[in-house]
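Asks: Please find input_8.txt (compact mmCIF, C-alpha atoms and all ligand atoms) on the next line:
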# COMPACT_ATOMS: atom_id res chain seq x y z
CA MET A 26 15.96 5.89 -8.77
CA ASN A 27 12.46 4.74 -7.92
CA LYS A 28 10.86 5.39 -4.56
CA LEU A 29 9.89 2.96 -1.82
CA GLY A 30 6.55 3.19 -0.06
CA VAL A 31 6.62 1.08 3.10
CA ASN A 32 3.34 -0.44 4.24
CA ILE A 33 3.33 -0.76 8.04
CA ASP A 34 -0.10 -2.41 8.48
CA HIS A 35 1.40 -5.57 9.92
CA VAL A 36 2.91 -3.73 12.85
CA ALA A 37 -0.67 -2.89 13.78
CA THR A 38 -1.69 -6.51 13.06
CA LEU A 39 0.71 -7.60 15.79
CA ARG A 40 -0.55 -4.94 18.19
CA GLN A 41 -4.19 -5.90 17.58
CA ALA A 42 -3.36 -9.51 18.48
CA ARG A 43 -3.31 -8.28 22.10
CA HIS A 44 -5.43 -5.14 21.67
CA GLY A 45 -2.67 -3.27 23.48
CA TYR A 46 -0.42 -0.38 22.56
CA GLU A 47 2.70 -2.12 21.20
CA PRO A 48 4.18 -2.39 18.69
CA ASP A 49 3.13 1.12 17.72
CA PRO A 50 2.80 1.73 13.95
CA VAL A 51 3.84 5.35 14.49
CA TRP A 52 7.19 4.16 15.85
CA ALA A 53 7.41 1.82 12.88
CA ALA A 54 6.81 4.72 10.52
CA VAL A 55 9.65 6.68 12.12
CA GLN A 56 12.00 3.67 11.82
CA ALA A 57 10.95 3.14 8.21
CA GLN A 58 11.64 6.78 7.46
CA LEU A 59 15.07 6.55 9.11
CA GLY A 60 15.73 3.51 6.92
CA GLY A 61 14.99 5.52 3.80
CA ALA A 62 11.27 5.02 3.13
CA ASP A 63 10.07 7.65 0.67
CA LEU A 64 6.42 7.18 1.60
CA ILE A 65 4.53 5.53 4.43
CA THR A 66 1.44 3.51 3.56
CA VAL A 67 -1.39 2.28 5.76
CA HIS A 68 -4.66 0.62 4.82
CA LEU A 69 -7.59 1.76 6.95
CA ARG A 70 -9.85 -1.21 6.43
CA GLU A 71 -13.58 -1.04 7.04
CA ASP A 72 -13.27 -3.85 9.60
CA ARG A 73 -10.31 -2.05 11.33
CA ARG A 74 -8.47 -5.35 11.60
CA HIS A 75 -5.08 -3.63 11.93
CA ILE A 76 -4.77 0.13 11.43
CA GLN A 77 -7.19 2.22 13.54
CA ASP A 78 -8.51 5.74 12.85
CA ARG A 79 -6.32 7.12 15.64
CA ASP A 80 -3.21 5.62 14.00
CA VAL A 81 -3.90 7.55 10.82
CA GLU A 82 -4.41 10.74 12.83
CA ARG A 83 -1.12 10.26 14.70
CA LEU A 84 0.74 9.29 11.52
CA ARG A 85 -0.57 12.38 9.82
CA GLU A 86 0.98 14.47 12.62
CA THR A 87 4.27 12.56 12.78
CA VAL A 88 5.33 11.32 9.37
CA THR A 89 7.28 13.87 7.34
CA VAL A 90 7.38 11.89 4.06
CA PRO A 91 4.12 11.63 2.09
CA LEU A 92 1.46 9.49 3.77
CA ASN A 93 -0.40 7.17 1.40
CA LEU A 94 -3.78 5.95 2.65
CA GLU A 95 -5.00 2.74 1.03
CA MET A 96 -8.75 2.55 1.19
CA ALA A 97 -11.99 1.30 -0.26
CA ALA A 98 -14.03 4.04 -1.95
CA VAL A 99 -16.84 3.85 0.62
CA ASN A 100 -18.48 6.88 2.24
CA GLU A 101 -17.21 6.32 5.78
CA ILE A 102 -13.53 5.98 4.80
CA VAL A 103 -13.76 8.73 2.17
CA ALA A 104 -15.01 11.10 4.90
CA ILE A 105 -12.09 10.17 7.17
CA ALA A 106 -9.59 10.68 4.34
CA LEU A 107 -11.05 14.07 3.49
CA ARG A 108 -10.76 15.10 7.15
CA LEU A 109 -7.19 13.85 7.65
CA ARG A 110 -5.91 14.76 4.19
CA PRO A 111 -3.05 12.35 3.50
CA ALA A 112 -0.80 13.34 0.60
CA MET A 113 -2.21 10.48 -1.44
CA VAL A 114 -4.93 7.86 -1.39
CA THR A 115 -4.78 4.52 -3.16
CA LEU A 116 -8.18 3.13 -4.04
CA VAL A 117 -8.34 -0.64 -3.55
CA PRO A 118 -11.11 -3.24 -3.58
CA GLU A 119 -11.91 -4.66 -0.17
CA LYS A 120 -13.54 -7.88 0.95
CA ARG A 121 -14.17 -8.79 4.57
CA THR A 122 -13.08 -12.39 4.06
CA GLU A 123 -9.77 -11.79 2.29
CA VAL A 124 -6.49 -11.95 4.22
CA THR A 125 -4.98 -9.27 1.99
CA THR A 126 -6.05 -7.30 -1.09
CA GLU A 127 -6.72 -10.01 -3.64
CA GLY A 128 -7.08 -8.27 -6.97
CA GLY A 129 -6.99 -4.86 -8.53
CA LEU A 130 -9.91 -2.44 -8.34
CA ASN A 131 -12.26 -2.92 -11.28
CA VAL A 132 -12.29 0.67 -12.45
CA ALA A 133 -13.41 -0.43 -15.92
CA THR A 134 -16.91 -1.22 -14.66
CA GLY A 135 -17.06 1.03 -11.61
CA TRP A 136 -15.66 4.28 -12.97
CA ARG A 137 -18.91 6.29 -13.07
CA ARG A 138 -19.40 5.85 -9.32
CA LEU A 139 -15.71 6.40 -8.57
CA ARG A 140 -15.44 9.59 -10.60
CA GLY A 141 -17.17 11.68 -7.93
CA VAL A 142 -14.87 10.29 -5.23
CA VAL A 143 -11.75 11.09 -7.27
CA ARG A 144 -13.01 14.63 -7.92
CA ARG A 145 -13.61 15.25 -4.22
CA PHE A 146 -10.07 14.16 -3.37
CA HIS A 147 -8.61 16.35 -6.10
CA ARG A 148 -10.58 19.32 -4.79
CA TYR A 149 -8.75 18.85 -1.46
CA GLY A 150 -5.35 18.51 -3.16
CA ILE A 151 -5.07 14.77 -2.42
CA ALA A 152 -3.42 12.70 -5.17
CA VAL A 153 -5.40 9.60 -6.20
CA SER A 154 -3.84 6.31 -7.23
CA ALA A 155 -5.86 3.38 -8.59
CA PHE A 156 -4.62 -0.09 -7.66
CA ILE A 157 -5.41 -2.05 -10.81
CA ASP A 158 -4.60 -5.28 -12.58
CA ALA A 159 -2.13 -5.10 -15.46
CA GLU A 160 -4.84 -4.80 -18.11
CA ARG A 161 -5.23 -2.17 -20.82
CA ARG A 162 -8.95 -1.66 -20.14
CA GLN A 163 -8.21 -0.91 -16.48
CA VAL A 164 -5.46 1.57 -17.37
CA LEU A 165 -7.78 3.36 -19.82
CA ALA A 166 -10.56 3.46 -17.24
CA ALA A 167 -8.20 4.85 -14.57
CA ARG A 168 -7.33 7.65 -16.98
CA ARG A 169 -11.00 8.30 -17.71
CA LEU A 170 -11.56 8.42 -13.97
CA GLY A 171 -9.03 11.25 -13.68
CA CYS A 172 -6.43 9.35 -11.63
CA ALA A 173 -2.93 10.77 -11.93
CA ILE A 174 -1.35 7.54 -10.65
CA CYS A 175 -1.83 3.82 -11.31
CA GLU A 176 -0.40 1.17 -9.01
CA ILE A 177 -0.14 -1.99 -11.06
CA HIS A 178 -0.87 -5.16 -9.10
CA THR A 179 2.25 -7.32 -8.94
CA GLY A 180 0.59 -10.19 -7.02
CA PRO A 181 0.22 -12.53 -10.02
CA TYR A 182 3.92 -11.97 -10.84
CA ALA A 183 4.97 -12.53 -7.22
CA ASN A 184 2.82 -15.65 -6.83
CA ALA A 185 3.72 -17.29 -10.16
CA ALA A 186 4.96 -20.82 -9.47
CA ARG A 187 6.91 -21.27 -12.70
CA ARG A 188 9.60 -19.02 -14.12
CA SER A 189 7.89 -18.83 -17.54
CA LYS A 190 4.64 -17.70 -15.89
CA GLN A 191 6.54 -15.12 -13.84
CA GLN A 192 8.17 -13.76 -17.01
CA ALA A 193 4.76 -13.53 -18.69
CA GLU A 194 3.32 -11.65 -15.70
CA LEU A 195 6.30 -9.29 -15.65
CA GLU A 196 5.70 -8.57 -19.33
CA LYS A 197 2.04 -7.71 -18.56
CA ILE A 198 3.20 -5.25 -15.87
CA ARG A 199 5.73 -3.73 -18.26
CA THR A 200 3.10 -3.28 -21.00
CA ALA A 201 0.56 -1.83 -18.57
CA GLY A 202 3.22 0.51 -17.20
CA GLU A 203 4.03 1.71 -20.70
CA GLU A 204 0.34 2.48 -21.26
CA VAL A 205 0.11 4.29 -17.93
CA LEU A 206 3.08 6.47 -18.88
CA ASN A 207 1.80 7.07 -22.44
CA LEU A 208 -1.45 8.37 -20.97
CA GLY A 209 0.51 10.81 -18.79
CA MET A 210 -0.01 9.05 -15.47
CA GLN A 211 2.52 7.95 -12.84
CA PHE A 212 3.48 4.27 -12.93
CA ASN A 213 3.65 2.60 -9.50
CA ALA A 214 3.56 -1.09 -8.64
CA GLY A 215 3.16 -3.29 -5.61
CA HIS A 216 1.87 -6.35 -3.78
CA GLY A 217 3.77 -9.51 -2.93
CA LEU A 218 7.16 -8.00 -3.73
CA ASN A 219 10.05 -9.33 -1.67
CA TYR A 220 13.86 -9.35 -1.53
CA GLN A 221 14.02 -12.13 -4.16
CA ASN A 222 11.58 -10.83 -6.78
CA VAL A 223 11.90 -7.04 -6.54
CA THR A 224 14.76 -6.42 -8.98
CA PRO A 225 12.99 -7.08 -12.31
CA VAL A 226 10.06 -4.88 -11.25
CA ALA A 227 12.32 -2.10 -9.93
CA SER A 228 14.11 -2.17 -13.31
CA LEU A 229 10.98 -1.56 -15.42
CA PRO A 230 11.24 1.59 -17.54
CA GLY A 231 9.58 4.63 -16.02
CA ILE A 232 8.46 2.98 -12.79
CA GLU A 233 8.19 5.57 -10.02
CA GLU A 234 7.21 3.92 -6.73
CA LEU A 235 7.16 0.40 -5.32
CA HIS A 236 4.80 -0.29 -2.43
CA ILE A 237 5.99 -3.07 -0.16
CA GLY A 238 4.85 -4.25 3.26
CA HIS A 239 4.81 -7.89 4.26
CA ALA A 240 8.36 -8.78 3.18
CA ILE A 241 9.89 -5.78 4.96
CA ILE A 242 8.02 -6.30 8.23
CA SER A 243 8.84 -10.05 8.10
CA ARG A 244 12.52 -9.31 7.57
CA ALA A 245 12.49 -6.78 10.39
CA VAL A 246 11.46 -9.53 12.82
CA PHE A 247 14.56 -11.55 12.01
CA ILE A 248 16.96 -8.64 11.85
CA GLY A 249 15.73 -7.54 15.27
CA LEU A 250 14.92 -10.76 17.18
CA ARG A 251 18.45 -11.62 18.31
CA ARG A 252 18.94 -8.17 19.82
CA ALA A 253 15.50 -8.18 21.43
CA VAL A 254 16.28 -11.48 23.18
CA ALA A 255 19.72 -10.23 24.23
CA GLU A 256 18.15 -7.12 25.78
CA MET A 257 15.67 -9.25 27.77
CA LYS A 258 18.46 -11.55 28.90
CA ALA A 259 20.51 -8.53 29.99
CA ALA A 260 17.56 -7.24 32.03
CA MET A 261 17.31 -10.65 33.75
CA VAL A 262 21.03 -10.78 34.41
CA ARG A 263 20.85 -7.33 35.99
CA ALA A 264 18.11 -8.59 38.30
N1 LIG B 301 -0.14 -2.18 -2.62
C1 LIG B 301 -1.42 -2.38 -2.27
C2 LIG B 301 -2.47 -1.66 -3.03
C3 LIG B 301 -1.76 -3.24 -1.22
O1 LIG B 301 -3.05 -3.44 -0.90
C4 LIG B 301 -0.73 -3.87 -0.49
C5 LIG B 301 -1.08 -4.74 0.68
O2 LIG B 301 -1.64 -3.98 1.69
C6 LIG B 301 0.59 -3.62 -0.88
C7 LIG B 301 0.86 -2.80 -1.96
C8 LIG B 301 1.74 -4.25 -0.16
O3 LIG B 301 1.70 -5.63 -0.38
P1 LIG B 301 2.68 -6.58 0.43
O4 LIG B 301 2.32 -6.45 1.87
O5 LIG B 301 2.41 -7.92 -0.14
O6 LIG B 301 4.07 -6.09 0.16
Turn this file's structure into structure tokens for me.
Ligand code: PXP
Replies:
Amino acid sequence: MNKLGVNIDHVATLRQARHGYEPDPVWAAVQAQLGGADLITVHLREDRRHIQDRDVERLRETVTVPLNLEMAAVNEIVAIALRLRPAMVTLVPEKRTEVTTEGGLNVATGWRRLRGVVRRFHRYGIAVSAFIDAERRQVLAARRLGCAICEIHTGPYANAARRSKQQAELEKIRTAGEEVLNLGMQFNAGHGLNYQNVTPVASLPGIEELHIGHAIISRAVFIGLRRAVAEMKAAMVRA
């Protein structure tokens, strides 16, 4: 059975809306673990729009499943990752103006610069995953870079408007996954996966981990809202 990495960034997004202390992503991580999450993922963005440095520190102390830190390969964040030593880092491209990660990391053109970063992580025993588009040249470059893991971007599959386009995108992920496995790397996938579109991706041969955030946090709101209102009502009734 493949593993589920739960991305809890959006719990911090909600907290940052008020710059307060709740909801706490560390509590979310514990709940996700109790629900069966095999990994916890957070993205420490350069603009700190959701997850903060202190969250990563506290998660590192609390979470007992592997912690996966999504990050841009920039000096400041690399230094933080080397200090906190998550089990795994996932290298992603990052743009200030995007609402979420938009495309895979272009390792095919940037691999010379990235090689040093990957080596440093390996020296500290941190596994490195490259978040890449489902393209052969990117898979080959990730291998050249020394990554042991590739996370294939499932966004184009998830966002496909027509069924035929979705099938074509799924086929690209399958082919890329086969190449990842043939080159001896671990095949992960993620982005835009939800309760409706996850099954075909989870069924791909050799796939190891799925990384999912938005759909799970969105669902959690609706699973929990009725009870949250009932608890508030009960507090008022008691008054
Ligand atoms: N994988 C990577 C590399 C991501 O950047 C993200 C979004 O933070 C995800 C997976 C999860 O995507 P989603 O929130 O759409 O499930």
Asks: Using only C-alpha atoms and all ligand atoms, pick whichever of A:Gly231, A:Gly238, A:Pro225, A:Pro181 has the shortest atom-to-atom distance to ligand LIG 301 (chain B).
Replies: A:Gly238
Asks: Can you work out the spacing between atom CA of A:Ile65 and atom CA of A:Val205 in Å, to one decimal?
Replies: 22.8 Å
Asks: Distance limit 7 Å, reference ligand LIG 301 (chain B), atoms considered: all atoms listed in the file. Which residues make the cut? Give them as a ChimeraX atom specification.
Replies: /A:32,68,95,115,117,125-126,156,176,215-218,236-240
Asks: Could you write out that same residue set with C-alpha atoms as a PDB file, in the coordinates of the input?
Replies:
ATOM      1  CA  ASN A  32       3.340  -0.440   4.240  1.00  0.00           C
ATOM      2  CA  HIS A  68      -4.660   0.620   4.820  1.00  0.00           C
ATOM      3  CA  GLU A  95      -5.000   2.740   1.030  1.00  0.00           C
ATOM      4  CA  THR A 115      -4.780   4.520  -3.160  1.00  0.00           C
ATOM      5  CA  VAL A 117      -8.340  -0.640  -3.550  1.00  0.00           C
ATOM      6  CA  THR A 125      -4.980  -9.270   1.990  1.00  0.00           C
ATOM      7  CA  THR A 126      -6.050  -7.300  -1.090  1.00  0.00           C
ATOM      8  CA  PHE A 156      -4.620  -0.090  -7.660  1.00  0.00           C
ATOM      9  CA  GLU A 176      -0.400   1.170  -9.010  1.00  0.00           C
ATOM     10  CA  GLY A 215       3.160  -3.290  -5.610  1.00  0.00           C
ATOM     11  CA  HIS A 216       1.870  -6.350  -3.780  1.00  0.00           C
ATOM     12  CA  GLY A 217       3.770  -9.510  -2.930  1.00  0.00           C
ATOM     13  CA  LEU A 218       7.160  -8.000  -3.730  1.00  0.00           C
ATOM     14  CA  HIS A 236       4.800  -0.290  -2.430  1.00  0.00           C
ATOM     15  CA  ILE A 237       5.990  -3.070  -0.160  1.00  0.00           C
ATOM     16  CA  GLY A 238       4.850  -4.250   3.260  1.00  0.00           C
ATOM     17  CA  HIS A 239       4.810  -7.890   4.260  1.00  0.00           C
ATOM     18  CA  ALA A 240       8.360  -8.780   3.180  1.00  0.00           C
TER      19      ALA A 240
END
Asks: Determine the nearest neighbour of A:Leu235 from the options A:Asp72, A:Glu196, A:Glu82, A:Asp63, counting only C-alpha atoms.
Replies: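 Answer, going by the shortest atom-to-atom distance: A:Asp63.
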Asks: Go ahead and compute the interatomic distance for atom CA of A:Thr200 and atom CA of A:Ala159, in Å to one decimal.
Replies: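 These two atoms are separated by 7.8 Å.
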Asks: Measuring atom to atom with only C-alpha atoms, identify which of A:Gln56, A:Asn100, A:Thr179, A:Asn93 is nearest to A:Gly129.
Replies: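 Looking only at the distances to A:Gly129, the closest residue turns out to be A:Thr179.
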Asks: Could you tell me which of A:Lys197, A:His35, A:Arg168, A:Arg251 comes closest to A:Met210 if we count only C-alpha atoms?
Replies: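 Ranked by minimum distance to A:Met210, first place goes to A:Arg168.
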Asks: Can you pull out every residue within 10 Å of stretch 131-139 of chain A, counting all atoms listed in the file, but drop anything in the same chain fewer than 5 positions away, and send it as a PyMOL selection string?
Replies: chain A and resi 98-99+116-118+144+155-158+160-171
Asks: For a test of reading the model, state the distance in Å between atom CA of A:Ile102 and atom CA of A:Pro50, rounded to one decimal.
Replies: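 Those two atoms sit 19.2 Å apart.
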Asks: Measuring between only C-alpha atoms, which one of A:Thr87, A:Tyr220, A:Gly30, A:His44 shows the shortest distance to A:Gly61?
Replies: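 Smallest distance to A:Gly61 is found for A:Gly30.
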Asks: Which residue out of A:Met113, A:Ala264, A:Leu229, A:Ala245 has the minimum interatomic distance to A:Ala53 when only C-alpha atoms are used?
Replies: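 Looking at the shortest contact to A:Ala53, the residue is A:Ala245.
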Asks: So which residues fall inside 9 Å of (5.9, -6.0, 15.8) if we count all atoms listed in the file? Mind giving them as a list of chain:residue names?
Replies: A:His35, A:Val36, A:Ala37, A:Thr38, A:Leu39, A:Arg40, A:Glu47, A:Pro48, A:Asp49, A:Pro50, A:Ala53, A:Ile242, A:Ala245, A:Val246
Asks: Grab the residues selected above and save them as a compact mmCIF listing (two decimals), in the coordinates of the input with C-alpha atoms.
Replies:
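Everything below was put into result_15.txt:
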# COMPACT_ATOMS: atom_id res chain seq x y z
CA HIS A 35 1.40 -5.57 9.92
CA VAL A 36 2.91 -3.73 12.85
CA ALA A 37 -0.67 -2.89 13.78
CA THR A 38 -1.69 -6.51 13.06
CA LEU A 39 0.71 -7.60 15.79
CA ARG A 40 -0.55 -4.94 18.19
CA GLU A 47 2.70 -2.12 21.20
CA PRO A 48 4.18 -2.39 18.69
CA ASP A 49 3.13 1.12 17.72
CA PRO A 50 2.80 1.73 13.95
CA ALA A 53 7.41 1.82 12.88
CA ILE A 242 8.02 -6.30 8.23
CA ALA A 245 12.49 -6.78 10.39
CA VAL A 246 11.46 -9.53 12.82
Asks: Dig up all the protein and nucleic acid residues within 12 Å of (-6.8, 6.6, 12.8) in the file frame, using all atoms listed in the file, and format them as a PyMOL selection string.
Replies: chain A and resi 37+50-51+67-71+73+75-86+94+102+105-106+108-111
Asks: Could you please take those selected residues and save C-alpha atoms as an mmCIF file, in the frame of the given file?
Replies:
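selection.cif, freshly written:
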data_model
loop_
_atom_site.group_PDB
_atom_site.id
_atom_site.type_symbol
_atom_site.label_atom_id
_atom_site.label_comp_id
_atom_site.auth_asym_id
_atom_site.auth_seq_id
_atom_site.Cartn_x
_atom_site.Cartn_y
_atom_site.Cartn_z
ATOM 1 C CA ALA A 37 -0.670 -2.890 13.780
ATOM 2 C CA PRO A 50 2.800 1.730 13.950
ATOM 3 C CA VAL A 51 3.840 5.350 14.490
ATOM 4 C CA VAL A 67 -1.390 2.280 5.760
ATOM 5 C CA HIS A 68 -4.660 0.620 4.820
ATOM 6 C CA LEU A 69 -7.590 1.760 6.950
ATOM 7 C CA ARG A 70 -9.850 -1.210 6.430
ATOM 8 C CA GLU A 71 -13.580 -1.040 7.040
ATOM 9 C CA ARG A 73 -10.310 -2.050 11.330
ATOM 10 C CA HIS A 75 -5.080 -3.630 11.930
ATOM 11 C CA ILE A 76 -4.770 0.130 11.430
ATOM 12 C CA GLN A 77 -7.190 2.220 13.540
ATOM 13 C CA ASP A 78 -8.510 5.740 12.850
ATOM 14 C CA ARG A 79 -6.320 7.120 15.640
ATOM 15 C CA ASP A 80 -3.210 5.620 14.000
ATOM 16 C CA VAL A 81 -3.900 7.550 10.820
ATOM 17 C CA GLU A 82 -4.410 10.740 12.830
ATOM 18 C CA ARG A 83 -1.120 10.260 14.700
ATOM 19 C CA LEU A 84 0.740 9.290 11.520
ATOM 20 C CA ARG A 85 -0.570 12.380 9.820
ATOM 21 C CA GLU A 86 0.980 14.470 12.620
ATOM 22 C CA LEU A 94 -3.780 5.950 2.650
ATOM 23 C CA ILE A 102 -13.530 5.980 4.800
ATOM 24 C CA ILE A 105 -12.090 10.170 7.170
ATOM 25 C CA ALA A 106 -9.590 10.680 4.340
ATOM 26 C CA ARG A 108 -10.760 15.100 7.150
ATOM 27 C CA LEU A 109 -7.190 13.850 7.650
ATOM 28 C CA ARG A 110 -5.910 14.760 4.190
ATOM 29 C CA PRO A 111 -3.050 12.350 3.500
#
Asks: With all atoms of stretch 170-185 of chain A from the file as input, state the centre and edge lengths in Å to one decimal of the axis-aligned box that has 5 Å extra on each side, as JSON.
Replies:
{"center_x": -3.3, "center_y": -3.0, "center_z": -10.4, "size_x": 26.5, "size_y": 38.5, "size_z": 17.1}
